[in-house]
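Quick notes on the structure that follows.
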Amino acid sequence: MDAYLNGLLSIESFVFAFLAAFILGVSKAGVKGIAVLIVTLMALAFGGKSSTGMLMPLLIVGDVFAITYYHRHTQWHYLRAFLPWMMLGVVIGVIIGKDLPEKTFQMGMAVTILLTLSMLIWWEKKKVKTIPTHWSFGSFMGVMAGITTMIGNLAGAFSNIYFLAMRLPKNHFIGTAAWLFFLINLFKLPFHIFVWKTVTSESLKIFLILLPGTLLGLLTGVFFVHKISDVFFRKMILVLTSLGAIVLFLK
């Protein structure tokens with residue numbers, strides 16, 4: 001196993017990637033607000049564009065769990081309103097990212113991570129959380145979510161604020177978001193395979209190595225989702241992710 005692992009990725013990359021896979025499982029089990037850390041760790045392990053493809057199979061595994069566990073809470077009306085705009089954003093993201101050099105792509109991911117963090121911090125500190133619900137707000141958030149999910153699997157900040165604006169209860173929020181990301185990740189997959197070529201036979205081998213981490217994260221997330229101190233956890237994630245984004249700049 002060690003020889004096989006060393007042939008595919010270094011020990012350092014494996015540690016970053018396995019931790020990311022574990023956190024992905026925890027996230028899909030219902031602990032929200034940590035996707036930025038997953039993306040940062042994967043980018044540190046594999047680089048910018050390559051890491052987006054590496055994540056795809058793991059994301060879909062987590063999505064299948066999430067829609068199975070939370071499907072009864074899905075609010076299809078909000079999903080139908082948001083999904084087409086997000087799909088448009090994915091197509092724009094494919095065009096933007098197709099021919100970018102790896103270093104530029106990685107820098108773009110670092111900027112996106114920091115902007116996403118800034119948006120999340122702003123939302124956390126915002127006293128009045130009333131957001132316009134006009135269709136133009138939803139379309140803008142959807143397109144931005146699509147672009148950022150294609151460029152860096154970072155749609156969470158935009159989709160979260162949209163669903164919060166719709167005042168969805170917690171379970172409806174989780175169930176609707178679960179189906180949204182399952183469908184959008186399936187939509188993204190052909191672009192990763194045929195356009196960016198970031199999902200390959202080699203990446204699938206690495207997926208099989210990392211899959212136990214995601215499964216372990218799913219089990220851990222289900223167990224701890226109601227036990228973790230949300231305030232402390234979110235602050236810790238924001239700090240660690242900020243450091244990760246800075247490392248991406250310097251790498």
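Simple scheme: letters A, B, ... for chains in structure tokens order, numbers from 1 for residues in each chain, numbers from 1 for ligands in the order shown.
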Using DSSP on the backbone, list every residue of stretch 28-141 of chain A that comes out as alpha helix (DSSP H), and give them as an MDAnalysis selection string. chainID A and resid 28 35:46 48:70 76:97 102:125 135:141
Residues near A:Phe191, anyone? I mean within 9 Å using only C-alpha atoms, not counting same-chain ones fewer than 6 positions away, as an mmCIF file with C-alpha atoms, in the first residue's frame.
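Output below, filename around.cif:
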```
data_model
loop_
_atom_site.group_PDB
_atom_site.id
_atom_site.type_symbol
_atom_site.label_atom_id
_atom_site.label_comp_id
_atom_site.auth_asym_id
_atom_site.auth_seq_id
_atom_site.Cartn_x
_atom_site.Cartn_y
_atom_site.Cartn_z
ATOM 1 C CA VAL A 91 -20.812 27.206 -17.887
ATOM 2 C CA VAL A 94 -15.832 26.414 -17.427
ATOM 3 C CA LYS A 197 -9.763 16.682 -18.088
ATOM 4 C CA THR A 198 -9.351 16.866 -14.318
#
```
Can you pull out every residue within 9 Å of stretch 136-145 of chain A, counting only C-alpha atoms, but drop anything in the same chain fewer than 3 positions away, and send it as a PDB file with C-alpha atoms, in the first residue's frame?
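To be explicit, this is the file written out as part34.pdb:
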```pdb
ATOM      1  CA  ALA A  81     -35.759  28.919  -8.957  1.00  0.00           C
ATOM      2  CA  PHE A  82     -32.038  28.779  -8.116  1.00  0.00           C
ATOM      3  CA  LEU A  83     -30.669  25.820 -10.096  1.00  0.00           C
ATOM      4  CA  PRO A  84     -30.890  27.226 -13.675  1.00  0.00           C
ATOM      5  CA  TRP A  85     -28.930  30.357 -12.720  1.00  0.00           C
ATOM      6  CA  MET A  86     -26.320  28.230 -10.988  1.00  0.00           C
ATOM      7  CA  MET A  87     -25.979  26.026 -14.085  1.00  0.00           C
ATOM      8  CA  LEU A  88     -25.398  29.169 -16.175  1.00  0.00           C
ATOM      9  CA  GLY A  89     -22.668  30.179 -13.732  1.00  0.00           C
ATOM     10  CA  VAL A  90     -21.023  26.756 -14.103  1.00  0.00           C
ATOM     11  CA  ILE A  92     -19.259  30.653 -17.406  1.00  0.00           C
ATOM     12  CA  ILE A 131     -31.693  40.524   2.228  1.00  0.00           C
ATOM     13  CA  PRO A 132     -33.661  41.556  -0.894  1.00  0.00           C
ATOM     14  CA  THR A 133     -35.718  38.673  -2.280  1.00  0.00           C
ATOM     15  CA  THR A 148     -17.331  29.698  -7.800  1.00  0.00           C
ATOM     16  CA  THR A 149     -18.388  26.045  -7.617  1.00  0.00           C
ATOM     17  CA  MET A 150     -16.713  25.377 -10.987  1.00  0.00           C
ATOM     18  CA  LEU A 154     -16.916  27.199  -3.349  1.00  0.00           C
ATOM     19  CA  ALA A 155     -20.602  27.885  -3.944  1.00  0.00           C
ATOM     20  CA  GLY A 156     -21.546  27.548  -0.282  1.00  0.00           C
ATOM     21  CA  ALA A 157     -21.373  31.208   0.741  1.00  0.00           C
ATOM     22  CA  PHE A 158     -23.646  32.378  -2.086  1.00  0.00           C
ATOM     23  CA  SER A 159     -26.170  29.539  -1.864  1.00  0.00           C
ATOM     24  CA  ILE A 161     -27.120  33.465   1.912  1.00  0.00           C
ATOM     25  CA  TYR A 162     -29.792  32.877  -0.752  1.00  0.00           C
TER      26      TYR A 162
END
```
With distances taken over only C-alpha atoms, which of A:Ala43, A:Ile38, A:Leu9, A:Ala17 is nearest to A:Glu102?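 Selected residue with least distance to A:Glu102: A:Ala43.
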Residues near A:Leu250, anyone? I mean within 10 Å using only C-alpha atoms, not counting same-chain ones fewer than 5 positions away, as a list in words. Met107, Gly244 and Ala245 of chain A
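Nearest residue to A:Gly25, choosing from A:Gly62, A:Pro169, A:Gly108, A:Pro190 and counting only C-alpha atoms: A:Gly62.
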Which of these residues is nearest to A:Val15, using only C-alpha atoms: A:Leu44, A:Leu215, A:Ala35, A:Ile96?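 Of all the options, A:Leu44 lies closest to A:Val15.
Of the listed residues A:Phe46, A:Phe65, A:Trp76, A:Phe18, the one whose atoms come nearest to A:Ser203 is A:Phe46, with distances taken using only C-alpha atoms.
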Between A:Ile11, A:Ile34, A:Val222, A:Ala29, which is the closest to A:Leu117 once you count only C-alpha atoms?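 Smallest distance to A:Leu117 is found for A:Ile34.
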Contacts of A:Leu218 within 12 Å, only C-alpha atoms, excl. fewer than 4 positions in-chain, as a JSON list (two decimals) with C-alpha atoms, in the first residue's frame:
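And here is the file that came out, result_21.json:
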```json
[["chain", "number", "residue", "atom", "x", "y", "z"],
["A", 21, "ALA", "CA", -11.96, 13.99, 2.50],
["A", 22, "PHE", "CA", -12.80, 13.49, 6.18],
["A", 23, "ILE", "CA", -13.99, 17.09, 6.60],
["A", 24, "LEU", "CA", -16.03, 16.75, 3.39],
["A", 25, "GLY", "CA", -17.87, 13.82, 4.96],
["A", 26, "VAL", "CA", -18.51, 15.81, 8.13],
["A", 27, "SER", "CA", -19.83, 18.69, 6.02],
["A", 28, "LYS", "CA", -22.19, 16.52, 3.97],
["A", 29, "ALA", "CA", -23.53, 15.00, 7.20],
["A", 30, "GLY", "CA", -24.87, 18.44, 8.15],
["A", 31, "VAL", "CA", -22.01, 20.51, 9.62],
["A", 58, "LEU", "CA", -15.98, 12.48, -3.22],
["A", 59, "LEU", "CA", -18.53, 15.29, -3.39],
["A", 61, "VAL", "CA", -20.61, 10.29, -2.67],
["A", 62, "GLY", "CA", -21.34, 12.84, 0.07],
["A", 63, "ASP", "CA", -24.27, 14.22, -1.92],
["A", 64, "VAL", "CA", -25.85, 10.77, -2.26],
["A", 65, "PHE", "CA", -25.69, 10.37, 1.51],
["A", 66, "ALA", "CA", -27.12, 13.87, 2.07],
["A", 69, "TYR", "CA", -30.69, 11.38, 4.79],
["A", 211, "LEU", "CA", -13.02, 7.39, 0.05],
["A", 212, "PRO", "CA", -12.61, 5.84, 3.55],
["A", 213, "GLY", "CA", -11.87, 9.33, 4.85],
["A", 214, "THR", "CA", -15.17, 10.65, 3.50],
["A", 222, "VAL", "CA", -23.92, 12.35, 12.01],
["A", 223, "PHE", "CA", -22.73, 11.60, 15.55],
["A", 224, "PHE", "CA", -21.36, 15.05, 16.39],
["A", 225, "VAL", "CA", -23.60, 17.37, 14.36]]
```
Atom CA of A:Ile95 sits from atom CA of A:Leu37 at a separation of 25.1 Å
With distances taken over only C-alpha atoms, which residue among A:Lys205, A:Lys227, A:Arg167, A:His71 lies nearest A:Leu180?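 Going through A:Lys205, A:Lys227, A:Arg167, A:His71 one by one, the smallest distance to A:Leu180 is for A:His71.
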A:Ser51: which residues within 10 Å, counting only C-alpha atoms, same-chain residues fewer than 2 positions away excluded, as a PDB file with N, CA and C atoms, in the first residue's frame?
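Wrote around22.pdb, looks like this:
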```
ATOM      1  N   ALA A  17      -5.002  15.647   1.744  1.00  0.00           N
ATOM      2  CA  ALA A  17      -6.158  15.170   0.997  1.00  0.00           C
ATOM      3  C   ALA A  17      -7.072  14.303   1.862  1.00  0.00           C
ATOM      4  N   VAL A  39     -11.560  22.798   0.311  1.00  0.00           N
ATOM      5  CA  VAL A  39     -10.969  23.248  -0.945  1.00  0.00           C
ATOM      6  C   VAL A  39      -9.520  23.668  -0.747  1.00  0.00           C
ATOM      7  N   THR A  40      -9.247  24.369   0.362  1.00  0.00           N
ATOM      8  CA  THR A  40      -7.883  24.813   0.646  1.00  0.00           C
ATOM      9  C   THR A  40      -6.938  23.629   0.808  1.00  0.00           C
ATOM     10  N   LEU A  41      -7.340  22.626   1.586  1.00  0.00           N
ATOM     11  CA  LEU A  41      -6.500  21.449   1.817  1.00  0.00           C
ATOM     12  C   LEU A  41      -6.257  20.682   0.519  1.00  0.00           C
ATOM     13  N   MET A  42      -7.287  20.532  -0.309  1.00  0.00           N
ATOM     14  CA  MET A  42      -7.133  19.806  -1.570  1.00  0.00           C
ATOM     15  C   MET A  42      -6.217  20.563  -2.521  1.00  0.00           C
ATOM     16  N   ALA A  43      -6.327  21.887  -2.537  1.00  0.00           N
ATOM     17  CA  ALA A  43      -5.446  22.679  -3.398  1.00  0.00           C
ATOM     18  C   ALA A  43      -3.999  22.584  -2.934  1.00  0.00           C
ATOM     19  N   LEU A  44      -3.790  22.527  -1.633  1.00  0.00           N
ATOM     20  CA  LEU A  44      -2.432  22.346  -1.111  1.00  0.00           C
ATOM     21  C   LEU A  44      -1.880  20.970  -1.488  1.00  0.00           C
ATOM     22  N   ALA A  45      -2.762  19.983  -1.563  1.00  0.00           N
ATOM     23  CA  ALA A  45      -2.333  18.618  -1.884  1.00  0.00           C
ATOM     24  C   ALA A  45      -2.056  18.427  -3.367  1.00  0.00           C
ATOM     25  N   PHE A  46      -2.901  19.016  -4.239  1.00  0.00           N
ATOM     26  CA  PHE A  46      -2.835  18.695  -5.665  1.00  0.00           C
ATOM     27  C   PHE A  46      -2.663  19.885  -6.591  1.00  0.00           C
ATOM     28  N   GLY A  47      -2.701  21.118  -6.056  1.00  0.00           N
ATOM     29  CA  GLY A  47      -2.694  22.279  -6.930  1.00  0.00           C
ATOM     30  C   GLY A  47      -4.126  22.719  -7.218  1.00  0.00           C
ATOM     31  N   GLY A  48      -4.255  23.849  -7.905  1.00  0.00           N
ATOM     32  CA  GLY A  48      -5.565  24.456  -8.092  1.00  0.00           C
ATOM     33  C   GLY A  48      -6.538  23.652  -8.926  1.00  0.00           C
ATOM     34  N   LYS A  49      -6.329  23.622 -10.244  1.00  0.00           N
ATOM     35  CA  LYS A  49      -7.300  23.002 -11.138  1.00  0.00           C
ATOM     36  C   LYS A  49      -7.424  21.504 -10.894  1.00  0.00           C
ATOM     37  N   GLY A  53     -11.038  18.613  -9.754  1.00  0.00           N
ATOM     38  CA  GLY A  53     -11.460  17.330 -10.289  1.00  0.00           C
ATOM     39  C   GLY A  53     -11.341  16.209  -9.275  1.00  0.00           C
ATOM     40  N   MET A  54     -10.290  16.261  -8.457  1.00  0.00           N
ATOM     41  CA  MET A  54     -10.103  15.240  -7.427  1.00  0.00           C
ATOM     42  C   MET A  54     -11.294  15.192  -6.470  1.00  0.00           C
ATOM     43  N   LEU A  55     -11.881  16.357  -6.206  1.00  0.00           N
ATOM     44  CA  LEU A  55     -12.981  16.426  -5.251  1.00  0.00           C
ATOM     45  C   LEU A  55     -14.297  15.879  -5.795  1.00  0.00           C
ATOM     46  N   MET A  56     -14.479  15.905  -7.115  1.00  0.00           N
ATOM     47  CA  MET A  56     -15.789  15.614  -7.683  1.00  0.00           C
ATOM     48  C   MET A  56     -16.382  14.280  -7.244  1.00  0.00           C
ATOM     49  N   GLN A 106      -4.528  28.787  -9.482  1.00  0.00           N
ATOM     50  CA  GLN A 106      -4.317  28.643  -8.041  1.00  0.00           C
ATOM     51  C   GLN A 106      -4.458  29.978  -7.333  1.00  0.00           C
ATOM     52  N   GLY A 152     -13.710  26.628  -7.962  1.00  0.00           N
ATOM     53  CA  GLY A 152     -13.072  26.149  -6.744  1.00  0.00           C
ATOM     54  C   GLY A 152     -13.957  25.355  -5.811  1.00  0.00           C
ATOM     55  N   ASN A 153     -15.115  24.841  -6.308  1.00  0.00           N
ATOM     56  CA  ASN A 153     -16.056  24.122  -5.433  1.00  0.00           C
ATOM     57  C   ASN A 153     -16.414  24.966  -4.207  1.00  0.00           C
ATOM     58  N   THR A 198      -9.845  16.954 -15.690  1.00  0.00           N
ATOM     59  CA  THR A 198      -9.351  16.866 -14.318  1.00  0.00           C
ATOM     60  C   THR A 198      -9.857  15.620 -13.600  1.00  0.00           C
ATOM     61  N   VAL A 199     -10.822  14.911 -14.183  1.00  0.00           N
ATOM     62  CA  VAL A 199     -11.241  13.606 -13.671  1.00  0.00           C
ATOM     63  C   VAL A 199     -10.714  12.556 -14.639  1.00  0.00           C
ATOM     64  N   SER A 203      -6.953  10.041 -11.171  1.00  0.00           N
ATOM     65  CA  SER A 203      -7.683  10.722 -10.095  1.00  0.00           C
ATOM     66  C   SER A 203      -8.688   9.786  -9.432  1.00  0.00           C
TER      67      SER A 203
END
```
